[in-house]
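Worksheet for the structure shown next.
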Amino acid sequence: MLRLVRSEWMKLRRTVIWIVAAASPLLAGVVGYAGTRGTDGEGAEWMSALALMAALHAMLFLPLLTGVFAALLCRFEHAGGGWKQLLALPVSRTQLFAVKYMYVMFLLLLTQLLFLAALLGVGAALGFQGPVPWLAILRSVGGGWVACLPLAALQLGVSTALPSFAAPLAVNVVLTMPNLLVMNSSTYGPYYPWAQPLLAMIPMEGHGMAAINLSATTLFGVILGSFVVFLTAGWAYFMRKPV
Amino acid sequence: MLARILSAEFLKIRGKMLWFLAVLGPLGVAGLQGLNYGLRYDYLMNLYQDDPWGGLIRDVSALTLPTLFIGLAILASMAAGIEHQTNAWKQTLALPVPKTAVFAAKALLNVLLLFVSSTLLAVMTIALGATLGFDLGDIPYGDLLQTLYYPFFAALPFMVLQVWLSVTLANQAVPLTVGIIGMIVAMFGSRFDDWVPYKWPHLLNGAGEPLYSVLAGAALGVVLLLAGMAQFARKDVS
């Protein structure tokens, strides 16, 4: 297992993945800075910056990024018979799938930490008043990460199946675009897995989006349920994947 | 020459899901709005009671812009991916065809596929309105065609840019991430100054004349195409 982790790391480390991981936090940072500057937050500056940046980051970028990471993890295997080579080695498919999944989640964790850094950077640059609301911020950043668990599982499954880099992303886009409508609906929003990163990242109080005032139980029920389904399906496919 | 290379491009994308995606894009937009109208029919009909077609066209176009931006990035990447994946650039460019024409054909392929998508969206919007029971005699054809085709032309620079990135860079994660950024920036494009290309597909400008945005997009698209052709012609093939 540890050797698999090391071999995946070797494939990853000298790639553009690090720039890709920083793209969304950077964009959110710029918009957060421009959007909060000059507004009178009256002590709620942290929360309004978080809400603005989280909306930008988690509505489309974070779910789509999950697909980019998953496709990147399978890129080398799809090129030039890599699957044959890798699976001919004495490695278990289950372990390989698990390690690749762990890397997708690790890259998402990195993205979320960079987002946290961007938010703190905006706060420091604009000199926000009042204490940093650590609990709300960490709940948002961590919640967004947890909400990506099922999406990453599905995308990894699709990425192992489709050889083209853009094809799994197309699947991802088709499933993520409904967010644009679903996020405004308190009836359907809580049940749509691709809307969960946004719902989990927007701070709970205020900021008038309909679907956010929901119990953590509902959110995590949907997230956990789809996580189990997608992971099982992806893993079951990978075990039978012809190479 | 260009026509023959283009027909080769159309051969290459057979069975590669590009046509499927070109149909799926407009179908997804119309389908989502269909769902939206189906679920909230009474509310939306009340909201748009004076002008149901106008309301529908506005709703469709709100989804069209992000779909167009991510769609052009995905199509560009898939078309370039055919060569990247099979390491076929050397073979393609070893043929007795000018490199500039190869690049132009890739760009033109993307533009044509998206043109088909935009046309399909117009048809599907009318079909959706008809299904919802709107009066077919009232279809504002001028508005409809403007709303769907103007952003298409204004987005030409981005189609060429994505083809350029996808063809030049072997790792498709980069062009696709640029495409995702483009989609998100474009969604907030109406806030920018007039000179920012991301604003043009919104058809908003100081003069209040949508055609200016269209012309700016078409002009920059041609400039980028020529620049891309010039750069691609000098590029070494690995």
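Chain labels follow the order of the structure tokens: the first chain is A, the next B, and so on; residue numbering restarts at 1 in every chain, and ligands are counted from 1 in their shown order.
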Point to revise | Non-local contacts of stretch 53-68 of chain A (6 Å; only C-alpha atoms; under 4 positions in same chain excluded) as a PyMOL selection string | key: chain A and resi 28+32+152+155+169+197-198+201-202
Point to revise | Expected answer as a PyMOL selection string: chain A residues within 9 Å of chain B, only C-alpha atoms | key: chain A and resi 15-17+19-20+23-24+27+56+60-61+64-65+68-69+71-72+75+78-80+163-167+169-170+173-174+177-178+180-181
Write a file of the selected residues as a compact mmCIF listing (two decimals), in the first residue's frame, keeping N, CA, C and O atoms.
# COMPACT_ATOMS: atom_id res chain seq x y z
N THR A 15 4.04 17.70 -11.89
CA THR A 15 3.02 18.04 -12.88
C THR A 15 2.42 19.40 -12.56
O THR A 15 2.77 20.03 -11.56
N VAL A 16 1.51 19.82 -13.43
CA VAL A 16 0.88 21.12 -13.27
C VAL A 16 -0.17 21.11 -12.18
O VAL A 16 -0.80 22.12 -11.90
N ILE A 17 -0.36 19.93 -11.55
CA ILE A 17 -1.46 19.78 -10.61
C ILE A 17 -1.45 20.85 -9.51
O ILE A 17 -2.48 21.30 -9.06
N ILE A 19 -0.46 23.93 -9.73
CA ILE A 19 -1.02 25.20 -10.22
C ILE A 19 -2.54 25.09 -10.31
O ILE A 19 -3.27 26.01 -9.95
N VAL A 20 -3.00 23.93 -10.78
CA VAL A 20 -4.45 23.71 -10.91
C VAL A 20 -5.12 23.84 -9.54
O VAL A 20 -6.17 24.45 -9.39
N ALA A 23 -5.67 27.46 -8.48
CA ALA A 23 -6.41 28.38 -9.36
C ALA A 23 -7.65 28.95 -8.69
O ALA A 23 -7.85 30.16 -8.65
N SER A 24 -8.49 28.04 -8.14
CA SER A 24 -9.75 28.53 -7.59
C SER A 24 -9.56 29.40 -6.35
O SER A 24 -10.18 30.45 -6.23
N LEU A 27 -8.54 32.82 -7.55
CA LEU A 27 -9.66 33.55 -8.13
C LEU A 27 -10.59 34.05 -7.03
O LEU A 27 -11.01 35.21 -7.01
N LEU A 56 -18.39 31.60 -4.92
CA LEU A 56 -17.61 31.56 -6.16
C LEU A 56 -16.85 30.24 -6.29
O LEU A 56 -16.77 29.65 -7.36
N LEU A 60 -19.45 26.03 -8.69
CA LEU A 60 -19.08 25.24 -9.86
C LEU A 60 -17.63 24.74 -9.79
O LEU A 60 -17.34 23.61 -10.15
N PHE A 61 -16.74 25.61 -9.30
CA PHE A 61 -15.32 25.28 -9.41
C PHE A 61 -14.96 24.02 -8.64
O PHE A 61 -14.33 23.10 -9.17
N LEU A 64 -16.26 20.79 -10.15
CA LEU A 64 -15.60 20.52 -11.43
C LEU A 64 -14.15 20.13 -11.22
O LEU A 64 -13.60 19.27 -11.91
N LEU A 65 -13.51 20.78 -10.24
CA LEU A 65 -12.11 20.49 -9.93
C LEU A 65 -11.94 19.04 -9.49
O LEU A 65 -10.93 18.39 -9.82
N VAL A 68 -11.36 17.18 -12.53
CA VAL A 68 -10.03 17.40 -13.10
C VAL A 68 -8.99 16.57 -12.35
O VAL A 68 -8.15 15.90 -12.95
N PHE A 69 -9.07 16.58 -11.03
CA PHE A 69 -8.12 15.81 -10.22
C PHE A 69 -8.23 14.31 -10.51
O PHE A 69 -7.23 13.62 -10.70
N ALA A 71 -9.37 12.85 -13.18
CA ALA A 71 -8.88 12.55 -14.52
C ALA A 71 -7.36 12.58 -14.56
O ALA A 71 -6.72 11.77 -15.23
N LEU A 72 -6.77 13.52 -13.80
CA LEU A 72 -5.30 13.62 -13.77
C LEU A 72 -4.68 12.38 -13.15
O LEU A 72 -3.61 11.93 -13.57
N ARG A 75 -4.43 9.80 -15.82
CA ARG A 75 -3.91 10.24 -17.11
C ARG A 75 -2.77 9.35 -17.61
O ARG A 75 -2.75 8.94 -18.77
N HIS A 78 -3.92 5.90 -18.87
CA HIS A 78 -4.64 5.85 -20.14
C HIS A 78 -3.70 6.02 -21.32
O HIS A 78 -4.00 5.61 -22.42
N ALA A 79 -2.57 6.69 -21.09
CA ALA A 79 -1.62 6.89 -22.19
C ALA A 79 -0.77 5.65 -22.37
O ALA A 79 -0.17 5.14 -21.43
N GLY A 80 -0.75 5.17 -23.59
CA GLY A 80 0.19 4.11 -23.97
C GLY A 80 0.16 2.84 -23.14
O GLY A 80 1.19 2.35 -22.70
N PRO A 163 -11.11 6.83 -21.54
CA PRO A 163 -9.70 7.14 -21.81
C PRO A 163 -9.43 8.62 -22.08
O PRO A 163 -8.35 9.10 -21.78
N SER A 164 -10.40 9.34 -22.64
CA SER A 164 -10.14 10.74 -22.95
C SER A 164 -10.18 11.56 -21.67
O SER A 164 -10.94 11.28 -20.75
N PHE A 165 -9.32 12.59 -21.62
CA PHE A 165 -9.26 13.41 -20.41
C PHE A 165 -10.53 14.24 -20.24
O PHE A 165 -11.03 14.41 -19.12
N ALA A 166 -11.04 14.74 -21.34
CA ALA A 166 -12.16 15.67 -21.26
C ALA A 166 -13.50 14.96 -21.05
O ALA A 166 -14.44 15.56 -20.54
N ALA A 167 -13.58 13.68 -21.43
CA ALA A 167 -14.87 12.98 -21.36
C ALA A 167 -15.41 12.86 -19.92
O ALA A 167 -16.57 13.18 -19.69
N LEU A 169 -14.75 14.79 -17.56
CA LEU A 169 -15.09 16.15 -17.16
C LEU A 169 -16.43 16.56 -17.74
O LEU A 169 -17.21 17.29 -17.10
N ALA A 170 -16.72 16.09 -18.95
CA ALA A 170 -18.01 16.39 -19.56
C ALA A 170 -19.14 15.79 -18.73
O ALA A 170 -20.16 16.44 -18.49
N VAL A 173 -19.53 18.02 -15.80
CA VAL A 173 -20.20 19.29 -16.11
C VAL A 173 -21.71 19.08 -16.21
O VAL A 173 -22.50 19.86 -15.67
N VAL A 174 -22.11 18.00 -16.90
CA VAL A 174 -23.53 17.72 -17.07
C VAL A 174 -24.21 17.60 -15.70
O VAL A 174 -25.33 18.07 -15.50
N MET A 177 -23.90 21.40 -13.77
CA MET A 177 -24.62 22.58 -14.26
C MET A 177 -25.99 22.78 -13.60
O MET A 177 -26.39 23.92 -13.36
N PRO A 178 -26.74 21.71 -13.30
CA PRO A 178 -28.03 21.93 -12.63
C PRO A 178 -27.90 22.71 -11.32
O PRO A 178 -28.88 23.28 -10.85
N LEU A 180 -26.89 25.55 -10.97
CA LEU A 180 -27.28 26.93 -11.22
C LEU A 180 -28.76 27.14 -10.92
O LEU A 180 -29.17 28.22 -10.53
N LEU A 181 -29.57 26.09 -11.12
CA LEU A 181 -30.98 26.21 -10.79
C LEU A 181 -31.29 25.64 -9.40
O LEU A 181 -32.04 26.23 -8.64
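The coordinates place atom CA of A:Leu126 at 9.0 Å from atom CA of A:Gly38.
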Review point. Near stretch 89-103 of chain A, counting only C-alpha atoms, which residues have an atom at most 7 Å away, once you skip same-chain residues fewer than 6 positions from it, shown as a ChimeraX atom specification?
Key: /A:1,4-5,73,153,156,235,239
Exercise for review: Could you tell me how far atom CA of B:Leu224 lies from atom CA of B:Leu6, in Å and to one decimal?
Suggested key: 18.9 Å
Review point. So which residues touch stretch 212-217 of chain B within 10 Å, counting only C-alpha atoms, skipping near sequence neighbours fewer than 4 positions away, as a PyMOL selection string?
Key: chain B and resi 149-158+194-195+197-208+221-223
Point to revise | Residues within 7 Å of stretch 104-107 of chain B, only C-alpha atoms, excluding chain neighbours under 2 positions, as a list in words | key: Leu2, Ile5, Leu6, Thr100, Ala101, Val102, Leu109, Asn110, Val111, Val160, Val163 and Met229 of chain B
Mind writing the picked residues with all heavy atoms as a JSON list (two decimals), in the first residue's frame?
[["chain", "number", "residue", "atom", "x", "y", "z"],
["B", 2, "LEU", "N", -8.18, 23.59, -47.06],
["B", 2, "LEU", "CA", -8.76, 23.68, -45.72],
["B", 2, "LEU", "C", -10.00, 22.79, -45.62],
["B", 2, "LEU", "O", -10.20, 22.09, -44.62],
["B", 2, "LEU", "CB", -9.11, 25.13, -45.40],
["B", 2, "LEU", "CG", -9.57, 25.38, -43.97],
["B", 2, "LEU", "CD1", -8.48, 25.00, -42.97],
["B", 2, "LEU", "CD2", -9.99, 26.81, -43.78],
["B", 5, "ILE", "N", -8.96, 19.17, -45.20],
["B", 5, "ILE", "CA", -8.47, 18.89, -43.84],
["B", 5, "ILE", "C", -9.63, 18.87, -42.86],
["B", 5, "ILE", "O", -9.70, 18.04, -41.96],
["B", 5, "ILE", "CB", -7.42, 19.94, -43.41],
["B", 5, "ILE", "CG1", -6.26, 19.94, -44.39],
["B", 5, "ILE", "CG2", -6.93, 19.64, -42.01],
["B", 5, "ILE", "CD1", -5.21, 20.94, -44.07],
["B", 6, "LEU", "N", -10.55, 19.81, -43.08],
["B", 6, "LEU", "CA", -11.71, 19.87, -42.20],
["B", 6, "LEU", "C", -12.53, 18.59, -42.28],
["B", 6, "LEU", "O", -13.01, 18.07, -41.27],
["B", 6, "LEU", "CB", -12.57, 21.09, -42.54],
["B", 6, "LEU", "CG", -13.63, 21.47, -41.51],
["B", 6, "LEU", "CD1", -12.99, 21.80, -40.18],
["B", 6, "LEU", "CD2", -14.45, 22.64, -41.99],
["B", 100, "THR", "N", -0.40, 25.54, -40.72],
["B", 100, "THR", "CA", -1.39, 26.58, -40.44],
["B", 100, "THR", "C", -2.80, 26.07, -40.72],
["B", 100, "THR", "O", -3.73, 26.35, -39.97],
["B", 100, "THR", "CB", -1.12, 27.83, -41.31],
["B", 100, "THR", "OG1", -0.93, 27.39, -42.65],
["B", 100, "THR", "CG2", 0.09, 28.58, -40.84],
["B", 101, "ALA", "N", -2.92, 25.28, -41.79],
["B", 101, "ALA", "CA", -4.24, 24.77, -42.15],
["B", 101, "ALA", "C", -4.73, 23.75, -41.13],
["B", 101, "ALA", "O", -5.93, 23.66, -40.84],
["B", 101, "ALA", "CB", -4.21, 24.16, -43.55],
["B", 102, "VAL", "N", -3.79, 22.97, -40.57],
["B", 102, "VAL", "CA", -4.18, 22.00, -39.54],
["B", 102, "VAL", "C", -4.76, 22.72, -38.34],
["B", 102, "VAL", "O", -5.82, 22.34, -37.81],
["B", 102, "VAL", "CB", -2.97, 21.14, -39.13],
["B", 102, "VAL", "CG1", -3.32, 20.25, -37.95],
["B", 102, "VAL", "CG2", -2.49, 20.30, -40.29],
["B", 109, "LEU", "N", -13.40, 23.47, -36.72],
["B", 109, "LEU", "CA", -14.20, 22.34, -36.27],
["B", 109, "LEU", "C", -14.97, 22.71, -35.00],
["B", 109, "LEU", "O", -16.18, 22.49, -34.89],
["B", 109, "LEU", "CB", -13.28, 21.14, -36.00],
["B", 109, "LEU", "CG", -13.94, 19.92, -35.35],
["B", 109, "LEU", "CD1", -14.73, 19.14, -36.37],
["B", 109, "LEU", "CD2", -12.90, 19.02, -34.69],
["B", 110, "ASN", "N", -14.22, 23.31, -34.06],
["B", 110, "ASN", "CA", -14.83, 23.72, -32.80],
["B", 110, "ASN", "C", -15.94, 24.74, -33.04],
["B", 110, "ASN", "O", -17.04, 24.64, -32.50],
["B", 110, "ASN", "CB", -13.74, 24.31, -31.89],
["B", 110, "ASN", "CG", -14.11, 24.26, -30.44],
["B", 110, "ASN", "OD1", -15.08, 23.62, -30.06],
["B", 110, "ASN", "ND2", -13.35, 24.96, -29.61],
["B", 111, "VAL", "N", -15.65, 25.73, -33.90],
["B", 111, "VAL", "CA", -16.62, 26.78, -34.20],
["B", 111, "VAL", "C", -17.88, 26.18, -34.84],
["B", 111, "VAL", "O", -19.00, 26.51, -34.46],
["B", 111, "VAL", "CB", -15.99, 27.85, -35.11],
["B", 111, "VAL", "CG1", -17.03, 28.83, -35.60],
["B", 111, "VAL", "CG2", -14.88, 28.60, -34.37],
["B", 160, "VAL", "N", -11.20, 29.99, -30.07],
["B", 160, "VAL", "CA", -9.86, 29.88, -30.65],
["B", 160, "VAL", "C", -8.82, 29.70, -29.55],
["B", 160, "VAL", "O", -7.92, 28.86, -29.65],
["B", 160, "VAL", "CB", -9.54, 31.13, -31.50],
["B", 160, "VAL", "CG1", -8.13, 31.04, -32.08],
["B", 160, "VAL", "CG2", -10.55, 31.28, -32.61],
["B", 163, "VAL", "N", -8.80, 26.14, -28.27],
["B", 163, "VAL", "CA", -8.19, 25.23, -29.24],
["B", 163, "VAL", "C", -6.67, 25.39, -29.19],
["B", 163, "VAL", "O", -5.92, 24.41, -29.17],
["B", 163, "VAL", "CB", -8.73, 25.53, -30.66],
["B", 163, "VAL", "CG1", -7.91, 24.78, -31.70],
["B", 163, "VAL", "CG2", -10.18, 25.12, -30.77],
["B", 229, "MET", "N", -2.24, 30.34, -35.65],
["B", 229, "MET", "CA", -1.71, 29.67, -36.84],
["B", 229, "MET", "C", -0.22, 29.94, -36.98],
["B", 229, "MET", "O", 0.58, 29.02, -37.25],
["B", 229, "MET", "CB", -2.46, 30.15, -38.09],
["B", 229, "MET", "CG", -3.83, 29.52, -38.27],
["B", 229, "MET", "SD", -4.91, 30.47, -39.36],
["B", 229, "MET", "CE", -4.13, 30.21, -40.93]]
